[in-house]
>>> print(open('query_16.txt').read())   # compact mmCIF, C-alpha atoms
# COMPACT_ATOMS: atom_id res chain seq x y z
CA MET C 1 117.30 130.45 9.29
CA ARG C 2 115.85 128.91 6.11
CA LYS C 3 116.61 125.41 7.39
CA PHE C 4 115.05 126.27 10.77
CA TRP C 5 111.73 127.36 9.27
CA LEU C 6 111.73 124.41 6.86
CA ASP C 7 111.99 122.10 9.86
CA CYS C 8 109.16 123.99 11.57
CA VAL C 9 106.89 123.70 8.53
CA LEU C 10 107.60 119.98 8.13
CA ALA C 11 107.04 119.36 11.85
CA THR C 12 103.74 121.28 11.72
CA ALA C 13 102.62 119.18 8.78
CA PHE C 14 103.55 116.05 10.73
CA VAL C 15 101.42 117.23 13.69
CA PHE C 16 98.32 117.47 11.52
CA LEU C 17 99.17 114.20 9.76
CA ALA C 18 99.39 112.48 13.14
CA PHE C 19 96.15 114.11 14.26
CA TRP C 20 94.36 113.02 11.09
CA GLY C 21 95.67 109.50 11.51
CA LEU C 22 94.59 109.33 15.14
CA ALA C 23 91.11 110.60 14.33
CA GLY C 24 90.69 108.22 11.41
CA LEU C 25 92.12 105.07 12.98
CA THR C 26 90.55 105.25 16.41
CA LYS C 27 87.21 106.67 15.24
CA LEU C 28 86.81 108.26 18.68
CA ARG C 29 85.54 111.58 17.31
CA VAL C 30 88.62 113.33 18.60
CA PHE C 31 87.43 116.76 17.40
CA ASN C 32 84.44 116.71 19.75
CA ALA C 33 86.50 115.31 22.58
CA PHE C 34 89.00 118.19 22.44
CA ASP C 35 86.27 120.79 22.04
CA SER C 36 84.77 119.72 25.36
CA LEU C 37 88.11 119.12 27.12
CA GLY C 38 87.93 115.37 27.25
CA GLU C 39 85.85 112.50 26.05
CA ALA C 40 84.19 112.27 29.47
CA LEU C 41 82.59 115.63 28.66
CA SER C 42 81.74 114.76 25.06
CA ASP C 43 78.15 116.03 25.40
CA VAL C 44 79.36 119.46 26.53
CA GLU C 45 80.73 122.48 24.73
CA LEU C 46 82.55 125.21 26.61
CA THR C 47 80.15 127.83 25.26
CA ASP C 48 77.35 126.05 27.18
CA TYR C 49 78.71 127.79 30.27
CA VAL C 50 77.67 131.15 28.82
CA PHE C 51 74.03 130.06 28.56
CA SER C 52 73.91 128.31 31.92
CA ALA C 53 75.86 130.73 34.09
CA LEU C 54 77.03 134.01 32.54
CA ARG C 55 74.05 135.48 30.72
CA ASP C 56 71.51 137.73 32.37
CA ASP C 57 67.91 136.49 32.43
CA PRO C 58 66.22 137.55 29.17
CA LYS C 59 62.87 139.31 29.06
CA VAL C 60 59.74 137.27 28.37
CA ASP C 61 59.03 137.02 24.63
CA THR C 62 55.36 137.98 24.43
CA SER C 63 55.14 137.30 20.68
CA ILE C 64 55.09 133.53 21.21
CA VAL C 65 52.58 131.46 23.20
CA LEU C 66 52.90 127.72 23.78
CA VAL C 67 49.82 125.51 24.21
CA ASN C 68 50.12 122.05 25.73
CA ILE C 69 48.25 119.29 23.86
CA GLY C 70 49.29 116.58 26.31
CA MET C 71 47.80 113.25 25.22
CA LEU C 72 44.67 114.75 23.67
CA SER C 73 42.84 113.12 20.80
CA ARG C 74 42.43 114.80 17.43
CA ARG C 75 38.87 115.78 18.36
CA GLN C 76 40.11 117.47 21.53
CA ILE C 77 42.94 119.27 19.73
CA ALA C 78 40.33 120.47 17.23
CA GLU C 79 38.45 122.06 20.12
CA GLN C 80 41.64 123.76 21.31
CA VAL C 81 42.40 125.15 17.84
CA THR C 82 38.82 126.42 17.49
CA ILE C 83 38.99 128.21 20.85
CA ILE C 84 42.37 129.81 20.18
CA SER C 85 41.36 130.86 16.66
CA LYS C 86 38.56 133.01 18.10
CA TYR C 87 41.21 135.33 19.54
CA LYS C 88 42.87 135.98 16.13
CA PRO C 89 46.46 134.77 16.47
CA ARG C 90 48.71 135.77 13.57
CA VAL C 91 49.77 132.17 12.92
CA ILE C 92 49.25 128.77 14.57
CA GLY C 93 51.83 125.97 14.53
CA ILE C 94 50.99 122.39 15.50
CA ASP C 95 54.07 120.39 16.44
CA SER C 96 52.57 116.92 16.06
CA PHE C 97 51.89 114.41 13.29
CA PHE C 98 48.45 113.17 12.30
CA ASP C 99 49.02 110.11 10.16
CA CYS C 100 49.27 106.33 10.55
CA ARG C 101 53.08 106.32 10.96
CA GLY C 102 53.58 104.16 7.89
CA ARG C 103 51.16 101.47 9.00
CA ASN C 104 48.22 100.27 6.93
CA TYR C 105 45.54 102.89 6.54
CA ASP C 106 42.73 101.07 8.36
CA THR C 107 41.10 101.19 11.78
CA LEU C 108 42.87 98.02 12.92
CA ASN C 109 46.40 99.31 12.34
CA CYS C 110 45.58 103.00 12.85
CA PRO C 111 43.07 103.37 15.74
CA ALA C 112 42.88 107.15 15.28
CA LEU C 113 40.83 106.53 12.14
CA THR C 114 37.94 105.06 14.15
CA ASP C 115 36.84 108.56 15.20
CA GLU C 116 35.76 109.75 11.75
CA LEU C 117 33.82 112.69 13.15
CA GLY C 118 36.81 113.75 15.26
CA ASN C 119 39.05 113.69 12.19
CA LEU C 120 36.54 115.75 10.24
CA MET C 121 36.31 118.21 13.13
CA PHE C 122 40.08 118.56 13.28
CA GLY C 123 40.42 119.02 9.52
CA ASP C 124 37.66 121.63 9.59
CA ALA C 125 39.28 123.46 12.53
CA ILE C 126 42.54 123.73 10.57
CA ARG C 127 40.74 124.91 7.45
CA SER C 128 38.59 127.43 9.35
CA ALA C 129 41.58 128.90 11.17
CA GLY C 130 43.28 129.49 7.81
CA ASN C 131 46.68 130.15 9.36
CA VAL C 132 47.87 126.74 10.59
CA VAL C 133 51.38 125.47 9.87
CA LEU C 134 51.86 121.70 10.23
CA VAL C 135 55.07 119.78 10.72
CA THR C 136 56.79 117.35 8.38
CA LYS C 137 59.74 115.06 8.96
CA LEU C 138 62.73 114.50 6.69
CA LEU C 139 63.38 110.79 6.12
CA ARG C 140 66.07 108.76 4.39
CA ASN C 141 64.84 105.52 2.80
CA ASP C 142 67.87 105.10 0.57
CA SER C 143 70.69 103.87 2.81
CA THR C 144 73.32 105.00 0.31
CA LEU C 145 72.50 108.68 0.85
CA ALA C 146 74.80 110.84 2.94
CA ASP C 147 73.82 111.90 6.46
CA ASN C 148 72.69 115.31 5.24
CA GLU C 149 70.61 113.98 2.32
CA PHE C 150 66.95 112.96 2.42
CA ASP C 151 64.61 111.46 -0.13
CA THR C 152 61.25 111.25 1.65
CA LEU C 153 58.97 113.58 3.57
CA ARG C 154 56.64 112.33 6.28
CA ARG C 155 53.43 114.40 6.30
CA SER C 156 50.08 114.40 8.05
CA ASP C 157 47.08 112.93 6.19
CA PRO C 158 45.60 115.00 3.32
CA ILE C 159 42.40 115.70 5.28
CA PHE C 160 44.49 117.86 7.62
CA ARG C 161 47.26 119.29 5.46
CA ASP C 162 44.98 120.33 2.61
CA GLY C 163 43.51 123.02 4.83
CA ALA C 164 46.85 124.12 6.28
CA LEU C 165 48.58 127.36 5.37
CA ALA C 166 52.03 125.76 5.09
CA GLU C 167 54.29 122.96 6.34
CA GLY C 168 57.79 122.91 7.80
CA PHE C 169 60.11 120.11 8.84
CA ALA C 170 60.50 119.57 12.58
CA ASN C 171 63.86 117.74 12.42
CA LEU C 172 66.42 119.16 14.82
CA GLU C 173 70.17 118.65 14.60
CA THR C 174 71.21 116.15 17.30
CA ASP C 175 73.73 113.34 17.68
CA ALA C 176 71.01 110.82 18.59
CA ALA C 177 71.02 107.50 16.74
CA PHE C 178 67.25 107.04 17.13
CA GLN C 179 64.21 108.95 18.40
CA ASP C 180 64.32 107.72 22.01
CA ASP C 181 68.08 108.12 22.31
CA VAL C 182 69.63 110.90 24.39
CA LYS C 183 69.31 114.07 22.27
CA THR C 184 71.48 117.15 22.67
CA CYS C 185 70.33 120.09 20.56
CA ARG C 186 72.41 123.18 19.83
CA ASN C 187 71.89 123.72 16.10
CA PHE C 188 69.24 123.52 13.42
CA ASN C 189 69.01 123.55 9.62
CA PRO C 190 66.96 126.49 8.29
CA VAL C 191 66.45 124.90 4.86
CA MET C 192 66.90 121.34 3.62
CA VAL C 193 66.52 119.72 0.20
CA VAL C 194 64.38 116.63 -0.33
CA SER C 195 64.47 115.15 -3.84
CA ASP C 196 65.63 118.43 -5.39
CA SER C 197 62.93 120.44 -3.56
CA ALA C 198 63.82 122.95 -0.82
CA HIS C 199 61.87 122.85 2.45
CA ARG C 200 61.98 125.31 5.34
CA ALA C 201 62.19 124.36 9.00
CA PHE C 202 58.99 124.48 11.06
CA ALA C 203 60.23 127.37 13.18
CA VAL C 204 61.43 129.29 10.11
CA GLU C 205 58.05 128.83 8.42
CA LEU C 206 56.22 130.18 11.48
CA ALA C 207 58.57 133.15 11.70
CA LEU C 208 58.08 133.80 7.98
CA GLN C 209 54.31 133.93 8.36
CA TYR C 210 54.68 136.32 11.32
CA ASP C 211 57.38 138.67 9.97
CA SER C 212 58.56 137.96 6.43
CA ALA C 213 61.09 140.83 6.38
CA LYS C 214 63.08 139.62 9.37
CA THR C 215 62.84 135.98 8.35
CA ASN C 216 64.02 136.64 4.80
CA LYS C 217 66.91 138.63 6.24
CA PHE C 218 67.78 135.58 8.34
CA LEU C 219 67.51 133.24 5.35
CA ARG C 220 69.80 135.47 3.27
CA ARG C 221 72.61 134.48 5.64
CA GLY C 222 72.58 131.24 3.65
CA ASN C 223 74.01 129.08 6.41
CA TYR C 224 73.44 125.34 6.12
CA LEU C 225 73.58 125.06 9.93
CA GLU C 226 72.72 127.74 12.46
CA VAL C 227 73.58 127.74 16.16
CA ILE C 228 70.44 128.30 18.26
CA ASN C 229 70.79 131.33 20.51
CA PHE C 230 68.67 129.89 23.31
CA ARG C 231 66.76 132.53 25.25
CA GLY C 232 64.76 130.56 27.83
CA ASN C 233 62.40 127.76 28.77
CA VAL C 234 58.81 127.23 29.91
CA PHE C 235 57.58 126.36 33.40
CA ASP C 236 60.31 124.12 34.85
CA VAL C 237 59.21 122.49 38.11
CA MET C 238 62.26 120.18 38.14
CA GLY C 239 64.69 123.09 37.99
CA THR C 240 66.69 121.57 35.12
CA THR C 241 67.66 125.01 33.80
CA ASN C 242 68.88 128.22 35.38
CA TYR C 243 66.64 130.40 33.22
CA PRO C 244 63.19 131.60 34.27
CA GLN C 245 60.08 131.12 32.12
CA MET C 246 60.61 132.78 28.77
CA PHE C 247 57.33 132.08 26.94
CA TYR C 248 53.72 132.33 28.04
CA THR C 249 52.29 128.82 28.31
CA LEU C 250 48.74 127.46 28.46
CA ASP C 251 47.91 124.02 29.79
CA VAL C 252 45.07 121.88 28.47
CA ASP C 253 42.48 123.15 30.96
CA ASP C 254 43.60 126.76 30.53
CA VAL C 255 42.49 126.60 26.90
CA TYR C 256 39.20 124.79 27.53
CA ASN C 257 38.29 127.23 30.32
CA GLU C 258 39.66 130.18 28.31
CA ASN C 259 41.82 131.07 31.26
CA PHE C 260 43.71 133.85 29.50
CA VAL C 261 43.19 137.38 28.23
CA SER C 262 42.60 138.05 24.54
CA GLU C 263 45.70 140.29 24.28
CA MET C 264 47.82 137.25 25.09
CA ILE C 265 46.74 135.55 21.82
CA LYS C 266 45.82 138.30 19.35
CA ASP C 267 48.39 138.72 16.56
CA LYS C 268 50.78 136.31 18.26
CA ILE C 269 52.47 133.04 17.24
CA VAL C 270 50.73 130.15 18.99
CA ILE C 271 52.53 126.79 19.02
CA PHE C 272 50.58 123.66 19.95
CA GLY C 273 52.86 120.87 21.16
CA TYR C 274 53.54 118.23 23.74
CA LEU C 275 54.73 119.77 27.02
CA GLY C 276 54.05 116.73 29.18
CA ASN C 277 50.76 115.26 30.34
CA PHE C 278 50.49 118.46 32.38
CA LEU C 279 52.70 121.52 32.80
CA GLY C 280 55.62 120.53 35.01
CA ASP C 281 55.43 116.86 34.04
CA PRO C 282 59.04 115.51 34.06
CA SER C 283 58.31 113.35 30.99
CA TRP C 284 61.27 112.63 28.68
CA ALA C 285 59.06 112.31 25.57
CA ASP C 286 60.14 114.69 22.77
CA LYS C 287 62.62 116.31 25.15
CA PHE C 288 66.17 117.50 24.54
CA TYR C 289 69.31 118.44 26.40
CA THR C 290 70.24 122.05 25.61
CA PRO C 291 72.98 124.48 26.70
CA LEU C 292 70.53 125.82 29.30
CA ASN C 293 70.79 122.61 31.32
CA ARG C 294 71.84 123.28 34.90
CA LYS C 295 74.32 120.39 34.79
CA MET C 296 76.94 120.95 32.11
CA ALA C 297 78.34 117.42 32.42
CA GLY C 298 76.82 114.14 33.52
CA LYS C 299 73.33 115.44 32.86
CA ALA C 300 70.55 113.55 34.61
CA ASN C 301 67.42 115.02 33.00
CA PRO C 302 66.73 116.59 29.59
CA ASP C 303 65.52 120.14 30.01
CA MET C 304 63.50 121.30 26.99
CA PHE C 305 60.56 119.98 24.96
CA GLY C 306 60.80 120.10 21.17
CA ALA C 307 58.06 122.74 20.86
CA VAL C 308 60.07 125.04 23.16
CA VAL C 309 63.20 124.54 21.05
CA HIS C 310 61.20 125.72 18.02
CA ALA C 311 60.01 128.73 20.06
CA ASN C 312 63.63 129.62 20.85
CA VAL C 313 64.52 129.50 17.16
CA ILE C 314 61.60 131.79 16.30
CA SER C 315 62.55 134.19 19.09
CA MET C 316 66.14 134.32 17.82
CA ILE C 317 64.97 135.12 14.27
CA LEU C 318 62.46 137.79 15.29
CA ASN C 319 64.93 139.46 17.66
CA GLU C 320 67.67 139.23 15.01
CA ASP C 321 69.93 137.90 17.73
CA TYR C 322 71.98 135.36 15.78
CA VAL C 323 75.09 133.42 16.70
CA GLU C 324 77.96 134.08 14.32
CA GLN C 325 80.53 131.37 13.68
CA MET C 326 84.11 131.22 12.48
CA PRO C 327 84.19 129.77 8.93
CA LEU C 328 86.13 126.57 8.31
CA TRP C 329 89.01 128.21 6.44
CA GLN C 330 89.63 130.52 9.40
CA GLN C 331 89.53 127.58 11.83
CA VAL C 332 92.16 125.73 9.79
CA SER C 333 94.31 128.84 9.25
CA MET C 334 94.29 129.68 12.95
CA ALA C 335 95.20 126.11 13.93
CA VAL C 336 98.07 125.92 11.42
CA LEU C 337 99.50 129.33 12.42
CA ILE C 338 99.40 128.66 16.16
CA CYS C 339 100.83 125.18 15.66
CA LEU C 340 103.67 126.57 13.54
CA LEU C 341 104.51 129.20 16.18
CA ASN C 342 104.48 126.53 18.89
CA VAL C 343 106.81 124.32 16.88
CA ALA C 344 109.23 127.23 16.38
CA LEU C 345 109.13 128.08 20.08
CA PHE C 346 109.63 124.46 21.11
CA ALA C 347 112.55 124.16 18.69
CA LEU C 348 114.27 127.15 20.31
CA ILE C 349 113.64 125.72 23.79
CA ASN C 350 115.07 122.38 22.66
CA THR C 351 118.18 124.14 21.33
CA TYR C 352 118.93 126.54 24.18
CA LEU C 353 117.26 124.87 27.20
CA PRO C 354 117.32 121.14 26.43
CA LEU C 355 117.38 120.09 30.09
CA TYR C 356 114.13 121.94 30.80
CA TYR C 357 112.37 121.11 27.53
CA ASP C 358 109.71 118.73 28.88
CA GLY C 359 108.72 120.88 31.84
CA ILE C 360 108.60 124.17 29.92
CA THR C 361 106.71 122.81 26.90
CA LYS C 362 104.12 120.99 29.00
CA LEU C 363 103.52 124.14 31.04
CA LEU C 364 103.16 126.23 27.87
CA GLN C 365 100.67 123.75 26.43
CA LEU C 366 98.56 123.81 29.59
CA ILE C 367 98.56 127.62 29.74
CA GLN C 368 97.51 127.84 26.10
CA LEU C 369 94.70 125.30 26.45
CA LEU C 370 93.28 127.20 29.41
CA ALA C 371 93.76 130.62 27.80
CA TYR C 372 92.13 129.65 24.49
CA SER C 373 89.24 127.97 26.30
CA VAL C 374 88.55 131.05 28.43
CA LEU C 375 88.90 133.26 25.35
CA MET C 376 86.33 131.17 23.47
CA VAL C 377 83.84 131.43 26.34
CA MET C 378 84.28 135.17 26.84
CA ILE C 379 84.07 136.04 23.13
CA PHE C 380 80.84 134.07 22.91
CA HIS C 381 79.54 135.92 25.97
CA TRP C 382 80.54 139.40 24.79
CA TYR C 383 79.89 139.20 21.07
CA THR C 384 77.69 136.08 20.54
CA PHE C 385 80.45 134.82 18.27
CA LYS C 386 81.33 131.14 18.41
CA LEU C 387 85.09 130.90 18.14
CA ASN C 388 85.46 127.34 16.86
CA ILE C 389 88.98 126.50 18.01
CA THR C 390 88.56 122.73 18.25
CA LEU C 391 91.35 122.11 15.77
CA THR C 392 93.59 124.65 17.49
CA LEU C 393 93.11 123.03 20.89
CA ALA C 394 93.87 119.63 19.40
CA ALA C 395 97.04 120.91 17.69
CA VAL C 396 98.28 122.57 20.88
CA ALA C 397 97.60 119.42 22.89
CA LEU C 398 99.58 117.25 20.45
CA VAL C 399 102.35 119.56 19.29
CA GLY C 400 104.88 118.87 22.08
CA ASP C 401 104.97 115.08 21.87
CA VAL C 402 104.55 114.92 18.10
CA TYR C 403 107.38 117.41 17.62
CA GLU C 404 109.68 115.17 19.67
CA VAL C 405 108.69 112.18 17.52
CA TYR C 406 109.42 114.19 14.39
CA MET C 407 112.87 115.35 15.55
CA SER C 408 114.04 112.07 17.09
CA VAL C 409 112.54 109.59 14.62
CA ILE C 410 111.24 111.09 11.38
CA LYS C 411 114.03 113.62 10.78
CA ASN C 412 116.84 111.26 11.77
CA LEU C 413 115.36 108.52 9.61
CA TYR C 414 115.13 110.93 6.69
CA ILE C 415 118.77 112.02 7.12
CA LYS C 416 119.91 108.40 7.35
CA ILE C 417 118.06 107.38 4.19
CA LEU C 418 119.24 110.49 2.34
CA GLY C 419 122.82 109.81 3.35
CA LYS C 420 122.62 106.17 2.29
CA PHE C 421 121.59 106.98 -1.27
CA SER C 422 123.62 110.16 -1.66
CA LEU C 423 126.39 110.16 -4.34
CA THR C 424 128.42 112.72 -2.35
CA PRO C 425 131.46 111.12 -0.68
CA LYS C 426 131.30 110.79 3.10
CA PRO C 427 133.49 113.22 5.08
CA ALA C 428 135.67 110.36 6.33
CA ASP C 429 136.31 109.11 2.78
CA VAL C 430 137.28 112.57 1.64
CA LEU C 431 139.78 112.97 4.45
CA MET C 432 141.34 109.61 3.79
CA SER C 433 141.77 110.24 0.07
CA GLU C 434 143.28 113.68 0.62
CA THR C 435 145.80 112.61 3.26
CA PRO C 436 149.28 112.33 1.70
CA GLU C 437 151.07 109.03 1.99
CA LYS C 438 153.93 108.89 4.41
CA GLN C 439 157.35 108.52 2.79
>>> encode(input="query_16.txt", output="structure tokens")
Amino acid sequence: MRKFWLDCVLATAFVFLAFWGLAGLTKLRVFNAFDSLGEALSDVELTDYVFSALRDDPKVDTSIVLVNIGMLSRRQIAEQVTIISKYKPRVIGIDSFFDCRGRNYDTLNCPALTDELGNLMFGDAIRSAGNVVLVTKLLRNDSTLADNEFDTLRRSDPIFRDGALAEGFANLETDAAFQDDVKTCRNFNPVMVVSDSAHRAFAVELALQYDSAKTNKFLRRGNYLEVINFRGNVFDVMGTTNYPQMFYTLDVDDVYNENFVSEMIKDKIVIFGYLGNFLGDPSWADKFYTPLNRKMAGKANPDMFGAVVHANVISMILNEDYVEQMPLWQQVSMAVLICLLNVALFALINTYLPLYYDGITKLLQLIQLLAYSVLMVMIFHWYTFKLNITLTLAAVALVGDVYEVYMSVIKNLYIKILGKFSLTPKPADVLMSETPEKQ
């Protein structure tokens, strides 16, 4: 029995060694591939199905209002802010930058500076409102820094930010290589450090200004990365999501004509951001793929503007409806335990049913992959708990073939080498030396 379990432990270790080698050598991001059941579905997670198909439609969140700024100039946005401010919102967030994007600060390289009066109007509108939160962007100028380290902060010009209440970074966690690349958003960082200084996310800063008690409770979780518990979208004429409109939305003309009731704005969070040139515009600018997308795989159109993603984060914080995740040590422990049990079971099958080994083990692997996948989806649906079993799925998928390699190659090679260098006489030699000579 001791030898049996020693073999099982060594075979389990070999499974993870093979998996580590495969992931490192091929650089095919095997973890993500297994989590989405194949590299062809690498932009999908199984829990996306909960958002897109299983959940009931949430109620409209009346605490958040989105205002479309389209392609308006700074002067025109100033007019919007002035109008909205009259109705006493609790806090205003503007999800747009007002700088020269690193170019020379002159009218030739930065045309927005030509409208001096418009800039003054916008700065005064921010200062007069007294409750405006502007966005920043985390940048990495030092190429030697790690992916999660930043050394620079992009900010709007001083004329605008000096009158602002606060700032928050608008970066969202995606796998995009550049701004115009395909962006899939599921997570966000609540707090990030830039040059030894902590900065809060734009959505977290807005939530903090609205309800400090709930936001501080959220921040005390201390998670570096949080899964966004998406609740809904805005007006979606293209039908890219299954969810109905979740947040009240005002288009450009709605604001100018004051086409809304005061109760819609008073004491609410108002987010100004780009929602297309008009509501319903299928523009891809500042737009993300999210788990709400109607097409889980082979997506054709992104489904959510960045400002709406921020609104979903705020709604999650204020409703205290977080997504819990399995910590890394539990993920590894679960994968090792299940792999060890599979190795033991496969060893018994190989001993007592060797003729049926391939068929039985492959069937068991398939059943487990399906069962664990369904379990992950249903637990997320029932308890909003993300059961991260990527490593477990990978171990189960590899355990059968890798175990055979271990038993037929690694173990036999080990026995051969051990026997070659052993000082113990071979059985045949012992027999020959102990056989009495014939008279």
>>> closest_atom_pairs(input="query_16.txt", of="stretch 80-195 of chain C", to="stretch 245-253 of chain C", cutoff="12 Å", atoms="all atoms listed in the file", output="JSON lines")
{"residue": "C:Gln80", "atom": "CA", "partner": "C:Val252", "partner_atom": "CA", "distance": 8.2}
{"residue": "C:Val81", "atom": "CA", "partner": "C:Val252", "partner_atom": "CA", "distance": 11.4}
{"residue": "C:Ile83", "atom": "CA", "partner": "C:Val252", "partner_atom": "CA", "distance": 11.6}
{"residue": "C:Ile84", "atom": "CA", "partner": "C:Leu250", "partner_atom": "CA", "distance": 10.7}
>>> closest_residue(input="query_16.txt", among="C:Met376, C:Leu66, C:Leu165, C:Ile360", to="C:Leu348", atoms="only C-alpha atoms")
C:Ile360
>>> atom_distance(input="query_16.txt", atom1="atom CA of C:Met316", atom2="atom CA of C:Thr62")
13.2 Å
>>> residues_around(input="query_16.txt", residues="C:Ile64", least_positions_apart="2", cutoff="10 Å", atoms="all atoms listed in the file", output="PyMOL selection string")
chain C and resi 60-62+66+89+91+246-249+264-265+267-271+311-312+314-315
>>> closest_residue(input="query_16.txt", among="C:Ile159, C:Leu206, C:Ile338, C:Val323", to="C:Phe385", atoms="only C-alpha atoms")
C:Val323
>>> closest_residue(input="query_16.txt", among="C:Asp358, C:Arg74, C:Met378, C:Gln331", to="C:Asp401", atoms="only C-alpha atoms")
C:Asp358
>>> residues_around(input="query_16.txt", residues="C:Thr215", least_positions_apart="2", cutoff="12 Å", atoms="only C-alpha atoms", output="PyMOL selection string")
chain C and resi 190+200-201+203-213+217-222+313-322
>>> closest_residue(input="query_16.txt", among="C:Gln330, C:Thr351, C:Thr136, C:Asn257", to="C:Thr390", atoms="all atoms listed in the file")
C:Gln330
>>> residues_around(input="query_16.txt", residues="C:Lys137", least_positions_apart="2", cutoff="8 Å", atoms="all atoms listed in the file", output="PyMOL selection string")
chain C and resi 135+139+153-155+169-171
>>> closest_residue(input="query_16.txt", among="C:Val374, C:Leu138, C:Leu275, C:Ala344", to="C:Lys3", atoms="all atoms listed in the file")
C:Ala344
>>> atom_distance(input="query_16.txt", atom1="atom CA of C:Phe230", atom2="atom CA of C:Leu172")
13.9 Å
>>> atom_distance(input="query_16.txt", atom1="atom CA of C:Arg2", atom2="atom CA of C:Leu364")
25.3 Å
>>> closest_residue(input="query_16.txt", among="C:Phe260, C:Tyr243, C:Ile349, C:Phe122", to="C:Ala53", atoms="all atoms listed in the file")
C:Tyr243
>>> residues_around(input="query_16.txt", residues="stretch 402-409 of chain C", least_positions_apart="2", cutoff="10 Å", atoms="all atoms listed in the file", output="PyMOL selection string")
chain C and resi 7-8+10-12+14-19+342-343+346-347+350+358+395+397-400+411-414
>>> decode(input="query_16.txt", residues="stretch 265-278 of chain C", atoms="N, CA and C atoms", output="CSV table (one decimal), in the first residue's frame")
chain,number,residue,atom,x,y,z
C,265,ILE,N,-32.2,63.5,-11.3
C,265,ILE,CA,-30.8,63.9,-11.1
C,265,ILE,C,-30.5,64.2,-9.7
C,266,LYS,N,-31.4,64.7,-8.9
C,266,LYS,CA,-31.1,65.2,-7.5
C,266,LYS,C,-30.6,64.0,-6.7
C,267,ASP,N,-29.4,64.3,-6.1
C,267,ASP,CA,-28.8,63.4,-5.1
C,267,ASP,C,-28.3,62.1,-5.8
C,268,LYS,N,-28.2,62.1,-7.1
C,268,LYS,CA,-27.7,60.9,-7.8
C,268,LYS,C,-26.3,61.0,-8.3
C,269,ILE,N,-25.8,59.9,-8.8
C,269,ILE,CA,-24.4,59.9,-9.4
C,269,ILE,C,-24.7,60.1,-10.9
C,270,VAL,N,-24.1,61.1,-11.5
C,270,VAL,CA,-24.2,61.4,-12.9
C,270,VAL,C,-22.9,61.2,-13.6
C,271,ILE,N,-22.8,60.3,-14.6
C,271,ILE,CA,-21.6,60.0,-15.3
C,271,ILE,C,-21.7,60.6,-16.7
C,272,PHE,N,-20.8,61.5,-17.0
C,272,PHE,CA,-20.7,62.0,-18.4
C,272,PHE,C,-19.7,61.1,-19.1
C,273,GLY,N,-20.0,60.6,-20.3
C,273,GLY,CA,-19.1,59.8,-21.1
C,273,GLY,C,-19.6,59.6,-22.5
C,274,TYR,N,-18.7,59.0,-23.3
C,274,TYR,CA,-19.0,58.8,-24.7
C,274,TYR,C,-19.9,57.5,-24.8
C,275,LEU,N,-21.1,57.7,-25.3
C,275,LEU,CA,-22.0,56.6,-25.6
C,275,LEU,C,-22.4,56.5,-27.0
C,276,GLY,N,-21.5,57.0,-27.9
C,276,GLY,CA,-21.7,57.0,-29.3
C,276,GLY,C,-22.1,58.4,-29.7
C,277,ASN,N,-22.1,58.7,-31.0
C,277,ASN,CA,-22.5,60.0,-31.5
C,277,ASN,C,-23.9,60.3,-31.2
C,278,PHE,N,-24.7,59.3,-30.9
C,278,PHE,CA,-26.1,59.4,-30.5
C,278,PHE,C,-26.4,58.1,-29.8
